[in-house]
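Below: final.cif (mmCIF, C-alpha atoms)
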data_data
loop_
_atom_site.label_atom_id
_atom_site.label_comp_id
_atom_site.auth_asym_id
_atom_site.auth_seq_id
_atom_site.Cartn_x
_atom_site.Cartn_y
_atom_site.Cartn_z
CA MET A 1 7.41 19.08 1.37
CA LEU A 2 10.20 17.28 3.21
CA SER A 3 9.98 17.15 7.01
CA LYS A 4 12.44 19.24 8.98
CA LEU A 5 13.54 16.29 11.13
CA ASP A 6 17.17 15.32 11.29
CA TYR A 7 17.60 11.89 9.76
CA PRO A 8 20.21 9.34 10.85
CA VAL A 9 23.62 9.63 9.27
CA SER A 10 24.04 7.24 6.37
CA GLN A 11 26.63 4.71 7.50
CA LYS A 12 28.28 2.24 5.17
CA LEU A 13 27.45 -1.38 5.92
CA ASN A 14 30.24 -2.89 7.99
CA ILE A 15 29.90 -6.54 7.02
CA ASP A 16 32.48 -9.33 7.18
CA LYS A 17 30.24 -12.29 6.42
CA TYR A 18 28.29 -11.46 3.27
CA ALA A 19 24.68 -12.35 2.50
CA LYS A 20 22.67 -12.73 -0.67
CA ILE A 21 19.10 -13.37 -1.74
CA LEU A 22 18.63 -17.06 -2.49
CA SER A 23 14.98 -16.98 -3.43
CA THR A 24 11.77 -14.97 -3.28
CA ALA A 25 8.17 -16.13 -3.36
CA VAL A 26 4.73 -14.55 -3.60
CA HIS A 27 1.44 -16.14 -2.66
CA LEU A 28 -1.72 -14.52 -3.98
CA PRO A 29 -5.06 -16.07 -2.99
CA LYS A 30 -7.05 -17.36 -5.96
CA ASN A 31 -10.17 -15.28 -5.31
CA ILE A 32 -10.03 -12.18 -7.58
CA VAL A 33 -12.30 -9.37 -6.39
CA SER A 34 -13.10 -6.47 -8.73
CA ASN A 35 -14.10 -2.95 -7.75
CA GLN A 36 -17.63 -3.74 -8.89
CA ASP A 37 -17.69 -6.83 -6.66
CA ILE A 38 -16.93 -4.62 -3.64
CA ILE A 39 -19.48 -2.01 -4.70
CA ASP A 40 -22.15 -4.71 -5.03
CA ARG A 41 -21.15 -6.60 -1.88
CA TYR A 42 -21.43 -3.56 0.38
CA ASP A 43 -24.02 -1.60 -1.64
CA LEU A 44 -21.66 1.36 -1.94
CA ILE A 45 -22.26 4.62 -3.78
CA ALA A 46 -19.26 4.31 -6.09
CA THR A 47 -18.37 3.25 -9.62
CA ASP A 48 -15.54 1.18 -11.00
CA ARG A 49 -14.35 4.01 -13.25
CA ALA A 50 -14.26 6.51 -10.37
CA VAL A 51 -12.22 4.06 -8.27
CA GLN A 52 -9.81 3.38 -11.14
CA HIS A 53 -9.50 7.09 -11.86
CA SER A 54 -8.89 7.96 -8.19
CA ILE A 55 -6.39 5.29 -7.12
CA GLY A 56 -5.63 3.12 -10.16
CA ILE A 57 -6.83 -0.24 -8.83
CA LYS A 58 -8.86 -2.70 -10.92
CA GLU A 59 -8.87 -5.80 -8.76
CA ARG A 60 -7.32 -7.40 -5.70
CA ARG A 61 -7.23 -10.85 -4.07
CA PHE A 62 -9.26 -11.95 -1.05
CA ALA A 63 -8.13 -14.90 1.05
CA ASP A 64 -10.63 -17.68 1.65
CA GLU A 65 -12.51 -17.46 4.94
CA GLU A 66 -11.08 -20.75 6.16
CA ASN A 67 -7.50 -19.54 5.75
CA GLU A 68 -5.47 -17.65 8.33
CA VAL A 69 -2.37 -15.72 7.39
CA SER A 70 -0.09 -18.47 8.75
CA ASP A 71 -1.59 -20.82 6.13
CA LEU A 72 -0.54 -18.44 3.37
CA LEU A 73 2.87 -17.82 4.96
CA PHE A 74 3.44 -21.55 5.06
CA GLU A 75 2.99 -21.63 1.26
CA VAL A 76 5.62 -18.95 0.60
CA ALA A 77 7.96 -20.49 3.17
CA LYS A 78 7.78 -23.83 1.35
CA SER A 79 8.23 -22.14 -2.00
CA CYS A 80 11.31 -20.18 -0.90
CA LEU A 81 12.92 -23.34 0.50
CA GLN A 82 12.12 -25.41 -2.60
CA LYS A 83 13.38 -22.76 -5.03
CA SER A 84 16.74 -22.59 -3.29
CA ASN A 85 16.90 -26.31 -2.47
CA ILE A 86 17.42 -25.61 1.24
CA SER A 87 15.67 -27.82 3.79
CA ALA A 88 13.75 -26.22 6.66
CA ASP A 89 16.08 -27.71 9.26
CA LYS A 90 18.88 -25.53 7.91
CA LEU A 91 17.02 -22.35 8.85
CA ASP A 92 18.54 -20.30 11.67
CA ARG A 93 15.71 -17.83 12.08
CA ILE A 94 12.29 -16.81 10.77
CA ILE A 95 11.03 -13.26 11.08
CA TYR A 96 7.63 -12.03 9.92
CA THR A 97 6.55 -8.42 9.51
CA LYS A 98 2.84 -8.32 10.23
CA LEU A 99 -0.13 -6.03 10.13
CA LEU A 100 -2.56 -8.31 11.98
CA GLY A 101 -1.05 -11.79 12.01
CA ASP A 102 -3.11 -14.74 13.21
CA LYS A 103 -3.17 -13.29 16.71
CA ILE A 104 -1.70 -10.32 18.58
CA SER A 105 0.32 -12.87 20.54
CA PRO A 106 2.14 -15.23 20.19
CA ALA A 107 4.17 -14.56 17.07
CA THR A 108 2.66 -15.86 13.84
CA SER A 109 6.14 -16.88 12.69
CA ILE A 110 6.12 -19.57 15.40
CA LYS A 111 2.93 -20.96 13.85
CA VAL A 112 4.78 -21.11 10.53
CA LEU A 113 7.50 -23.19 12.20
CA GLU A 114 4.83 -25.59 13.43
CA LYS A 115 3.33 -25.85 9.92
CA LEU A 116 6.77 -26.52 8.47
CA GLY A 117 7.07 -29.41 10.92
CA MET A 118 10.24 -28.01 12.44
CA ASN A 119 11.83 -30.13 15.13
CA LYS A 120 14.39 -27.47 15.92
CA GLY A 121 13.47 -24.56 18.21
CA ILE A 122 15.03 -21.75 16.20
CA PRO A 123 14.26 -18.12 16.98
CA ALA A 124 11.07 -16.86 15.34
CA PHE A 125 9.35 -13.58 15.96
CA ASP A 126 7.15 -10.91 14.38
CA ILE A 127 7.80 -7.23 13.93
CA SER A 128 5.42 -4.35 13.23
CA ALA A 129 6.45 -1.67 10.76
CA ALA A 130 3.42 -1.46 8.42
CA CYS A 131 4.30 -1.13 4.72
CA SER A 132 8.01 -0.63 5.36
CA GLY A 133 8.37 -3.87 7.31
CA PHE A 134 10.22 -5.84 4.66
CA VAL A 135 13.18 -3.45 4.35
CA HIS A 136 13.60 -3.72 8.12
CA LEU A 137 13.69 -7.52 7.79
CA MET A 138 16.21 -7.47 4.95
CA ASP A 139 18.42 -5.14 6.97
CA MET A 140 18.11 -7.43 10.00
CA ALA A 141 18.80 -10.56 7.95
CA ILE A 142 22.08 -9.35 6.48
CA ARG A 143 23.23 -8.28 9.97
CA TYR A 144 22.17 -11.60 11.56
CA ILE A 145 24.08 -13.45 8.86
CA ASP A 146 27.10 -11.26 9.52
CA SER A 147 26.88 -12.17 13.20
CA GLY A 148 26.71 -15.93 12.68
CA ASP A 149 23.43 -17.11 11.10
CA ASP A 150 23.49 -18.87 7.75
CA TYR A 151 19.91 -19.08 6.50
CA ILE A 152 17.17 -16.66 7.42
CA LEU A 153 13.62 -16.73 6.10
CA ILE A 154 11.81 -13.42 6.16
CA LEU A 155 8.08 -13.11 5.56
CA GLY A 156 5.62 -10.27 5.03
CA GLY A 157 2.09 -9.33 3.99
CA ASP A 158 -1.23 -10.20 5.54
CA ILE A 159 -4.93 -10.85 5.07
CA SER A 160 -5.55 -7.14 5.41
CA THR A 161 -8.94 -7.09 3.68
CA ARG A 162 -10.35 -8.53 6.92
CA LEU A 163 -10.02 -4.99 8.26
CA TYR A 164 -13.14 -4.35 6.22
CA SER A 165 -15.32 -7.24 7.34
CA SER A 166 -19.02 -7.21 6.66
CA LYS A 167 -19.74 -5.87 10.16
CA ASN A 168 -17.68 -2.71 9.75
CA LYS A 169 -18.88 0.67 8.61
CA LYS A 170 -17.49 1.20 5.13
CA ASP A 171 -15.23 4.08 4.19
CA THR A 172 -14.85 4.49 0.44
CA ARG A 173 -11.53 6.28 1.01
CA THR A 174 -9.95 3.02 2.14
CA ILE A 175 -12.14 0.01 1.29
CA PHE A 176 -10.87 -0.31 -2.29
CA LEU A 177 -7.20 -0.01 -1.39
CA ASN A 178 -6.23 -3.32 0.15
CA GLY A 179 -5.60 -6.80 -1.15
CA ASP A 180 -4.45 -10.02 0.48
CA ALA A 181 -1.00 -11.37 -0.28
CA VAL A 182 2.05 -12.72 1.48
CA VAL A 183 5.67 -12.86 0.38
CA GLY A 184 8.88 -14.49 1.45
CA MET A 185 12.60 -14.17 0.91
CA LEU A 186 15.32 -16.61 1.86
CA LEU A 187 18.76 -15.15 2.48
CA GLY A 188 21.95 -17.09 2.89
CA PRO A 189 25.73 -16.66 3.12
CA ALA A 190 27.74 -15.42 0.14
CA ASP A 191 31.41 -15.38 -0.79
CA ARG A 192 31.38 -11.72 -1.81
CA GLU A 193 29.42 -8.51 -1.33
CA TYR A 194 25.90 -8.37 -2.75
CA PHE A 195 24.31 -5.84 -0.40
CA SER A 196 26.20 -2.57 -0.69
CA ALA A 197 23.91 -0.19 1.24
CA SER A 198 21.07 -0.17 3.73
CA TYR A 199 19.24 2.75 5.32
CA LEU A 200 16.23 2.97 7.66
CA TYR A 201 14.54 5.96 9.24
CA THR A 202 11.29 7.21 10.78
CA ASP A 203 9.43 10.50 10.79
CA ASN A 204 7.22 10.79 13.86
CA THR A 205 5.48 13.92 12.56
CA TYR A 206 3.32 11.57 10.44
CA PHE A 207 2.35 9.28 13.35
CA GLU A 208 -1.40 10.06 13.28
CA TYR A 209 -1.90 10.13 9.51
CA SER A 210 -2.45 6.44 8.90
CA TYR A 211 -3.32 4.03 11.67
CA ILE A 212 -5.50 1.21 13.00
CA PRO A 213 -7.02 2.35 16.32
CA PHE A 214 -7.14 -0.96 18.22
CA GLY A 215 -4.54 -1.17 20.97
CA SER A 216 -3.99 -0.61 24.67
CA GLU A 217 -4.76 3.08 24.20
CA MET A 218 -8.36 2.19 23.37
CA ILE A 219 -8.62 -0.32 26.21
CA ASN A 220 -7.28 2.32 28.60
CA LYS A 221 -9.99 4.74 27.50
CA SER A 222 -12.62 2.02 28.20
CA LEU A 223 -14.18 2.49 24.80
CA ASP A 224 -16.79 -0.04 23.76
CA PHE A 225 -15.33 -2.70 21.54
CA SER A 226 -16.39 -2.39 17.94
CA ASN A 227 -15.17 -3.78 14.66
CA GLU A 228 -14.49 -0.26 13.48
CA MET A 229 -11.49 -0.19 15.79
CA PHE A 230 -9.78 -2.30 13.15
CA ASN A 231 -10.60 -0.02 10.21
CA MET A 232 -7.59 1.72 8.71
CA GLN A 233 -7.92 5.42 9.51
CA MET A 234 -6.45 7.81 7.00
CA PRO A 235 -7.67 11.36 7.67
CA ASN A 236 -5.78 12.83 4.72
CA GLY A 237 -4.66 10.50 1.96
CA MET A 238 -2.77 13.25 0.12
CA ILE A 239 -0.48 13.83 3.11
CA VAL A 240 0.28 10.09 3.24
CA HIS A 241 0.92 10.09 -0.51
CA ASN A 242 3.31 13.02 -0.23
CA SER A 243 5.13 11.47 2.74
CA VAL A 244 5.89 8.39 0.62
CA ILE A 245 7.29 10.51 -2.20
CA ASP A 246 9.44 12.46 0.27
CA SER A 247 10.59 9.19 1.82
CA ALA A 248 11.71 7.89 -1.58
CA GLU A 249 13.88 10.98 -2.05
CA ILE A 250 15.38 10.78 1.45
CA VAL A 251 16.16 7.05 1.20
CA ALA A 252 17.61 7.29 -2.32
CA LYS A 253 19.91 10.11 -1.27
CA LYS A 254 21.13 8.25 1.82
CA LEU A 255 21.69 4.98 -0.06
CA LEU A 256 23.62 6.66 -2.86
CA GLU A 257 25.83 8.39 -0.28
CA GLN A 258 26.92 4.95 0.93
CA THR A 259 27.79 3.54 -2.48
CA HIS A 260 28.96 6.73 -4.21
CA ASN A 261 26.73 5.82 -7.14
CA SER A 262 24.36 8.02 -9.11
CA ILE A 263 20.73 7.08 -9.51
CA ASP A 264 21.41 6.43 -13.21
CA GLN A 265 23.71 3.55 -12.23
CA MET A 266 20.79 1.62 -10.75
CA ASP A 267 19.54 -0.98 -13.25
CA ILE A 268 16.24 -1.58 -11.46
CA PHE A 269 14.19 0.43 -8.98
CA VAL A 270 11.76 -1.46 -6.74
CA THR A 271 9.41 0.27 -4.37
CA CYS A 272 6.03 0.02 -2.69
CA ASP A 273 2.90 1.21 -4.48
CA GLN A 274 0.17 2.32 -2.08
CA THR A 275 -1.58 3.52 -5.25
CA THR A 276 -0.51 3.56 -8.89
CA PHE A 277 -0.01 7.31 -8.58
CA THR A 278 2.18 6.93 -5.51
CA TRP A 279 4.43 4.58 -7.46
CA LYS A 280 4.65 6.89 -10.48
CA ALA A 281 5.25 9.94 -8.31
CA GLN A 282 8.25 8.24 -6.68
CA LEU A 283 9.72 7.54 -10.12
CA ASP A 284 9.09 11.13 -11.21
CA ARG A 285 10.70 12.57 -8.08
CA LEU A 286 13.81 10.42 -8.58
CA LYS A 287 13.79 10.84 -12.39
CA ILE A 288 13.69 7.08 -12.95
CA PRO A 289 12.03 5.78 -16.14
CA THR A 290 9.08 3.41 -15.70
CA SER A 291 10.99 0.84 -17.79
CA LYS A 292 13.28 0.28 -14.78
CA SER A 293 10.46 -0.48 -12.36
CA SER A 294 7.14 -2.27 -11.97
CA SER A 295 3.85 -1.83 -10.13
CA LEU A 296 1.19 -4.49 -9.70
CA PHE A 297 -1.04 -2.24 -7.61
CA GLU A 298 -3.82 -2.33 -10.21
CA LYS A 299 -4.01 -6.13 -9.84
CA CYS A 300 -3.06 -6.64 -6.17
CA GLY A 301 -3.85 -3.41 -4.31
CA ASN A 302 -2.06 -2.35 -1.16
CA THR A 303 -0.69 -5.55 0.33
CA VAL A 304 1.14 -3.78 3.19
CA ALA A 305 4.68 -5.14 3.64
CA ALA A 306 4.31 -7.42 0.60
CA MET A 307 4.13 -4.66 -2.02
CA SER A 308 7.80 -4.18 -2.82
CA ILE A 309 8.48 -7.93 -2.96
CA ILE A 310 5.49 -8.48 -5.26
CA ASN A 311 6.98 -5.89 -7.60
CA LEU A 312 10.47 -7.40 -7.26
CA ASN A 313 9.08 -10.85 -8.05
CA GLU A 314 7.29 -9.48 -11.11
CA LEU A 315 10.54 -7.99 -12.39
CA ILE A 316 12.26 -11.37 -11.88
CA ASP A 317 9.47 -13.38 -13.52
CA SER A 318 9.21 -11.02 -16.48
CA GLY A 319 12.96 -11.31 -17.09
CA LYS A 320 13.48 -7.58 -16.62
CA LEU A 321 15.64 -8.21 -13.56
CA LYS A 322 18.53 -10.53 -14.25
CA ARG A 323 21.30 -11.86 -12.02
CA GLY A 324 24.12 -9.36 -11.69
CA MET A 325 21.91 -6.28 -12.01
CA LYS A 326 22.09 -3.51 -9.44
CA VAL A 327 18.81 -2.90 -7.61
CA MET A 328 17.64 0.02 -5.51
CA PHE A 329 14.94 -1.44 -3.28
CA MET A 330 12.63 0.58 -1.02
CA ALA A 331 9.50 0.55 1.08
CA HIS A 332 7.70 3.33 2.90
CA GLY A 333 4.80 3.19 5.30
CA ALA A 334 2.82 4.42 8.25
CA GLY A 335 4.60 6.04 11.12
CA ALA A 336 6.09 7.35 8.93
CA SER A 337 8.70 4.66 8.52
CA GLY A 338 10.85 3.98 5.50
CA GLY A 339 14.05 2.59 4.19
CA GLY A 340 15.81 0.75 1.47
CA LEU A 341 18.80 -1.21 0.30
CA ILE A 342 21.04 -1.41 -2.73
CA PHE A 343 21.96 -4.91 -3.77
CA GLU A 344 23.17 -6.94 -6.69
CA TYR A 345 20.61 -9.52 -7.64
CA MET B 346 -26.63 34.26 -11.22
CA THR B 347 -29.91 32.91 -12.47
CA GLU B 348 -32.03 30.86 -10.14
CA ASN B 349 -34.70 29.19 -12.13
CA LYS B 350 -36.01 25.95 -10.73
CA THR B 351 -37.78 25.14 -13.92
CA ASP B 352 -34.58 25.52 -15.88
CA LYS B 353 -33.79 22.32 -17.76
CA ILE B 354 -30.10 22.45 -16.88
CA TYR B 355 -31.02 22.87 -13.22
CA ASP B 356 -33.36 19.90 -13.41
CA ASP B 357 -30.90 17.71 -15.28
CA VAL B 358 -28.04 18.40 -12.86
CA LYS B 359 -30.38 17.75 -9.96
CA LYS B 360 -31.53 14.48 -11.51
CA ILE B 361 -27.95 13.27 -11.97
CA ILE B 362 -27.03 14.09 -8.37
CA THR B 363 -30.17 12.74 -6.70
CA SER B 364 -30.05 9.59 -8.79
CA TYR B 365 -26.40 8.85 -8.07
CA LEU B 366 -26.48 9.76 -4.37
CA ARG B 367 -29.84 8.02 -3.87
CA LEU B 368 -31.55 11.15 -2.61
CA ASP B 369 -35.16 12.31 -2.72
CA ASP B 370 -35.96 15.18 -5.03
CA ASP B 371 -36.47 17.65 -2.20
CA GLU B 372 -33.06 16.96 -0.68
CA ILE B 373 -31.34 19.12 -3.29
CA LYS B 374 -31.96 22.84 -3.06
CA PRO B 375 -30.05 25.76 -4.62
CA GLU B 376 -28.06 26.27 -1.43
CA THR B 377 -27.32 22.56 -0.86
CA HIS B 378 -23.66 21.75 -0.27
CA ILE B 379 -22.96 18.59 -2.28
CA VAL B 380 -20.56 17.15 0.31
CA ASN B 381 -21.78 18.50 3.64
CA ASP B 382 -25.52 18.34 2.94
CA ALA B 383 -25.92 15.77 0.15
CA GLY B 384 -23.30 13.37 1.52
CA ALA B 385 -21.04 13.01 -1.51
CA ASP B 386 -17.56 11.65 -0.76
CA SER B 387 -14.45 12.09 -2.88
CA LEU B 388 -15.25 9.08 -5.07
CA ALA B 389 -18.79 10.35 -5.62
CA LEU B 390 -17.43 13.73 -6.71
CA VAL B 391 -15.22 12.00 -9.28
CA GLU B 392 -18.14 10.02 -10.69
CA LEU B 393 -20.51 13.01 -10.66
CA GLY B 394 -17.83 14.96 -12.52
CA PHE B 395 -17.77 12.23 -15.18
CA GLN B 396 -21.56 12.15 -15.50
CA LEU B 397 -21.98 15.92 -15.70
CA THR B 398 -19.23 16.16 -18.32
CA GLU B 399 -20.89 13.44 -20.38
CA LYS B 400 -24.30 15.08 -20.12
CA PHE B 401 -23.35 18.70 -20.80
CA GLY B 402 -19.96 18.49 -22.49
CA VAL B 403 -18.57 20.85 -19.86
CA PRO B 404 -15.46 19.60 -18.05
CA ILE B 405 -15.71 20.41 -14.34
CA THR B 406 -12.21 21.78 -13.90
CA ASP B 407 -13.05 24.22 -11.11
CA THR B 408 -12.80 22.16 -7.92
CA SER B 409 -13.12 25.03 -5.48
CA GLU B 410 -15.36 24.94 -2.42
CA ASN B 411 -17.67 27.38 -4.19
CA MET B 412 -18.42 24.79 -6.85
CA LEU B 413 -19.81 22.39 -4.25
CA ILE B 414 -22.88 24.61 -3.78
CA PHE B 415 -25.55 23.20 -6.06
CA GLN B 416 -26.69 26.48 -7.62
CA ASN B 417 -23.10 27.55 -8.31
CA LEU B 418 -22.48 24.27 -10.11
CA VAL B 419 -25.59 24.75 -12.25
CA ASP B 420 -24.53 28.32 -13.08
CA TYR B 421 -21.03 27.18 -14.02
CA ILE B 422 -22.43 24.59 -16.43
CA ARG B 423 -24.89 27.07 -17.89
CA GLU B 424 -22.18 29.66 -18.46
CA ASN B 425 -19.84 27.20 -20.11
CA ILE B 426 -22.23 25.01 -22.06
CA ASP B 427 -22.17 27.09 -25.23
CA SER B 428 -18.70 28.56 -24.97
#
Conversion result in structure tokens:
Amino acid sequence: MLSKLDYPVSQKLNIDKYAKILSTAVHLPKNIVSNQDIIDRYDLIATDRAVQHSIGIKERRFADEENEVSDLLFEVAKSCLQKSNISADKLDRIIYTKLLGDKISPATSIKVLEKLGMNKGIPAFDISAACSGFVHLMDMAIRYIDSGDDYILILGGDISTRLYSSKNKKDTRTIFLNGDAVVGMLLGPADREYFSASYLYTDNTYFEYSYIPFGSEMINKSLDFSNEMFNMQMPNGMIVHNSVIDSAEIVAKKLLEQTHNSIDQMDIFVTCDQTTFTWKAQLDRLKIPTSKSSSLFEKCGNTVAAMSIINLNELIDSGKLKRGMKVMFMAHGAGASGGGLIFEY
Amino acid sequence: MTENKTDKIYDDVKKIITSYLRLDDDEIKPETHIVNDAGADSLALVELGFQLTEKFGVPITDTSENMLIFQNLVDYIRENIDS
């Protein structure tokens, strides 16, 4: 059921200085953790087959204890720069969309600058937009480039499995969902249009359906600190699932209005996959064949803002997505918050 | 509805549920609610559905609230086991 909110008018991108994707990178920690590993580790009443049947996941990655998210972000930052043969000192800006980050403050993206050994004090900051964070960053990057920047590195993902540390009470509705991963994308100037549409929106009627409680609200209520404040709360997973499917329909419609294309003219469809079923349901709603898309949820889990880029990277690596193809790219998340872009790869 | 605590189907269903949910034998009674009283979560219901289907060859397709009462579940299996 689509919300009755009014969504922003879909406005064509008004860009004079064009941008394009120069490179993407994914960093997955080496430690593969199966459903059975989690069941054994926390002595849960659950089975691997029930988990696979319910959400589609088989395994996910856990970051090493000695690593913080800035360590992983440093790896994708290096990889993006190497792949496009751009040195770090050419960067104009780094933006990271976080769930937790190294710290609440300062920005983790500044730590990445330090790890890159940057001698130039370029702007670097974090944003918070849960699973939809990366589409916000792509939208920002093409507008920053239009207004003067040349090279912008955008980063996403987190070590989100730390939400379920050994001290927390376990909730089998959420403990199997997450995996650790970070992603990066380097954007630079282009001599013609690559990005033909961008659309972002929110739906505040879903604000309380998926959240992490810790924040000033809890401090204000003088509640005793506990690790459970960091557990993802999802009172009704089906409502969250349905909000993502609705979001896919809203965003697709708004993007296609900008380009005057039909959905059939999209060569590739990339979206987030909070579960395997959420990914498939988006394709079904938009009548897109699975051959035009990809989901690595069963191997990576919910990696927050990294999901869509992990799937994009898989399509690139597998050869399914080739230069010149038209891509509809989306992400949807808590808030609810969603958006997407159409671009030529 | 037949309530027969010595019924083999009753005992077998009870054994599957107590074993999986790590309960004592006396924690399952005919009126026990499998979620509210026995503590099953959604994943547990999926797995119990698998195990009961494997044991009795009866797919648990009725997912109504009524089916979460232990005796109703036993009756459903009994009624469908030979059909």
Practice item. Up to 7 Å from (-17.3, 6.2, -6.4) in the file's coordinates: name the residues, counting all atoms listed in the file, as a PyMOL selection string. Key: (chain A and resi 45-47+50-51) or (chain B and resi 388-389+391-392)
Would you compute, for all listed atoms of segment 401-409 of chain B, the axis-aligned bounding box grown by 4 Å on each side, and then report its centre and edge lengths in Å rounded to one decimal, as lines of an AutoDock Vina configuration file?
center_x = -17.8
center_y = 21.8
center_z = -14.0
size_x = 19.1
size_y = 14.5
size_z = 25.0
Check your understanding: Any chance you could work out the residue set of the PyMOL selection byres ((chain B) within 12 of (chain A)) here, as a ChimeraX atom specification?
Key -> /B:362-368,384-396
Those selected residues, please, written with C-alpha atoms and delivered as an mmCIF file, keeping the file's coordinate frame.
data_model
loop_
_atom_site.group_PDB
_atom_site.id
_atom_site.type_symbol
_atom_site.label_atom_id
_atom_site.label_comp_id
_atom_site.auth_asym_id
_atom_site.auth_seq_id
_atom_site.Cartn_x
_atom_site.Cartn_y
_atom_site.Cartn_z
ATOM 1 C CA ILE B 362 -27.030 14.090 -8.370
ATOM 2 C CA THR B 363 -30.170 12.740 -6.700
ATOM 3 C CA SER B 364 -30.050 9.590 -8.790
ATOM 4 C CA TYR B 365 -26.400 8.850 -8.070
ATOM 5 C CA LEU B 366 -26.480 9.760 -4.370
ATOM 6 C CA ARG B 367 -29.840 8.020 -3.870
ATOM 7 C CA LEU B 368 -31.550 11.150 -2.610
ATOM 8 C CA GLY B 384 -23.300 13.370 1.520
ATOM 9 C CA ALA B 385 -21.040 13.010 -1.510
ATOM 10 C CA ASP B 386 -17.560 11.650 -0.760
ATOM 11 C CA SER B 387 -14.450 12.090 -2.880
ATOM 12 C CA LEU B 388 -15.250 9.080 -5.070
ATOM 13 C CA ALA B 389 -18.790 10.350 -5.620
ATOM 14 C CA LEU B 390 -17.430 13.730 -6.710
ATOM 15 C CA VAL B 391 -15.220 12.000 -9.280
ATOM 16 C CA GLU B 392 -18.140 10.020 -10.690
ATOM 17 C CA LEU B 393 -20.510 13.010 -10.660
ATOM 18 C CA GLY B 394 -17.830 14.960 -12.520
ATOM 19 C CA PHE B 395 -17.770 12.230 -15.180
ATOM 20 C CA GLN B 396 -21.560 12.150 -15.500
#
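Atom CA of Asp158 of chain A sits 6.3 Å away from atom CA of Leu99 of chain A.
Atom CA of Gly402 of chain B is found 22.3 Å from atom CA of Ile373 of chain B.
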Practice item. Measuring atom to atom with only C-alpha atoms, identify which of B:Val358, B:Thr408, B:Leu418, B:Leu397 is nearest to Glu376 of chain B. Key: B:Leu418
Exercise for review: Would you kindly translate the PyMOL selection byres ((chain B and resi 378) around 12) into the concrete residues it picks from this file, as a ChimeraX atom specification?
Suggested key: /B:362,372-377,379-386,410-418
Check your understanding: Care to translate the PyMOL selection byres ((chain A and resi 94) around 10) into actual residues of this file, as a VMD selection string?
Key -> chain A and resid 77 91 to 93 95 to 96 109 to 110 112 to 113 122 to 126 137 141 151 to 155 186
Check your understanding: What does the distance from atom CA of Ile310 of chain A to atom CA of Asp146 of chain A come to in Å, to one decimal?
Key ->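 Those two atoms sit 26.3 Å apart.
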**Study point:** Neighbour residues at most 6 Å from (4.2, 1.3, 13.1) (only C-alpha atoms) as a PyMOL selection string
**Key:** chain A and resi 128-130+334-335
Exercise for review: Within 6 Å of Lys20 of chain A, counting all atoms listed in the file, which residues show up once you throw out same-chain ones fewer than 6 positions away? Write them as a PyMOL selection string, please.
Suggested key: chain A and resi 187-188+190+194
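Nearest residue to Phe277 of chain A among A:Asp191, A:Glu298, A:Asp139, A:Asp43 is A:Glu298, counting all atoms listed in the file.
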Check your understanding: Counting all atoms listed in the file, what is within 9 Å of Tyr206 of chain A, bar same-chain residues fewer than 6 positions away, as a VMD selection string?
Key -> chain A and resid 239 to 240 243 334 to 337
Next, dump the selected residues to file, keeping only C-alpha atoms, as a compact mmCIF listing (two decimals), in the coordinates of the input.
# COMPACT_ATOMS: atom_id res chain seq x y z
CA ILE A 239 -0.48 13.83 3.11
CA VAL A 240 0.28 10.09 3.24
CA SER A 243 5.13 11.47 2.74
CA ALA A 334 2.82 4.42 8.25
CA GLY A 335 4.60 6.04 11.12
CA ALA A 336 6.09 7.35 8.93
CA SER A 337 8.70 4.66 8.52
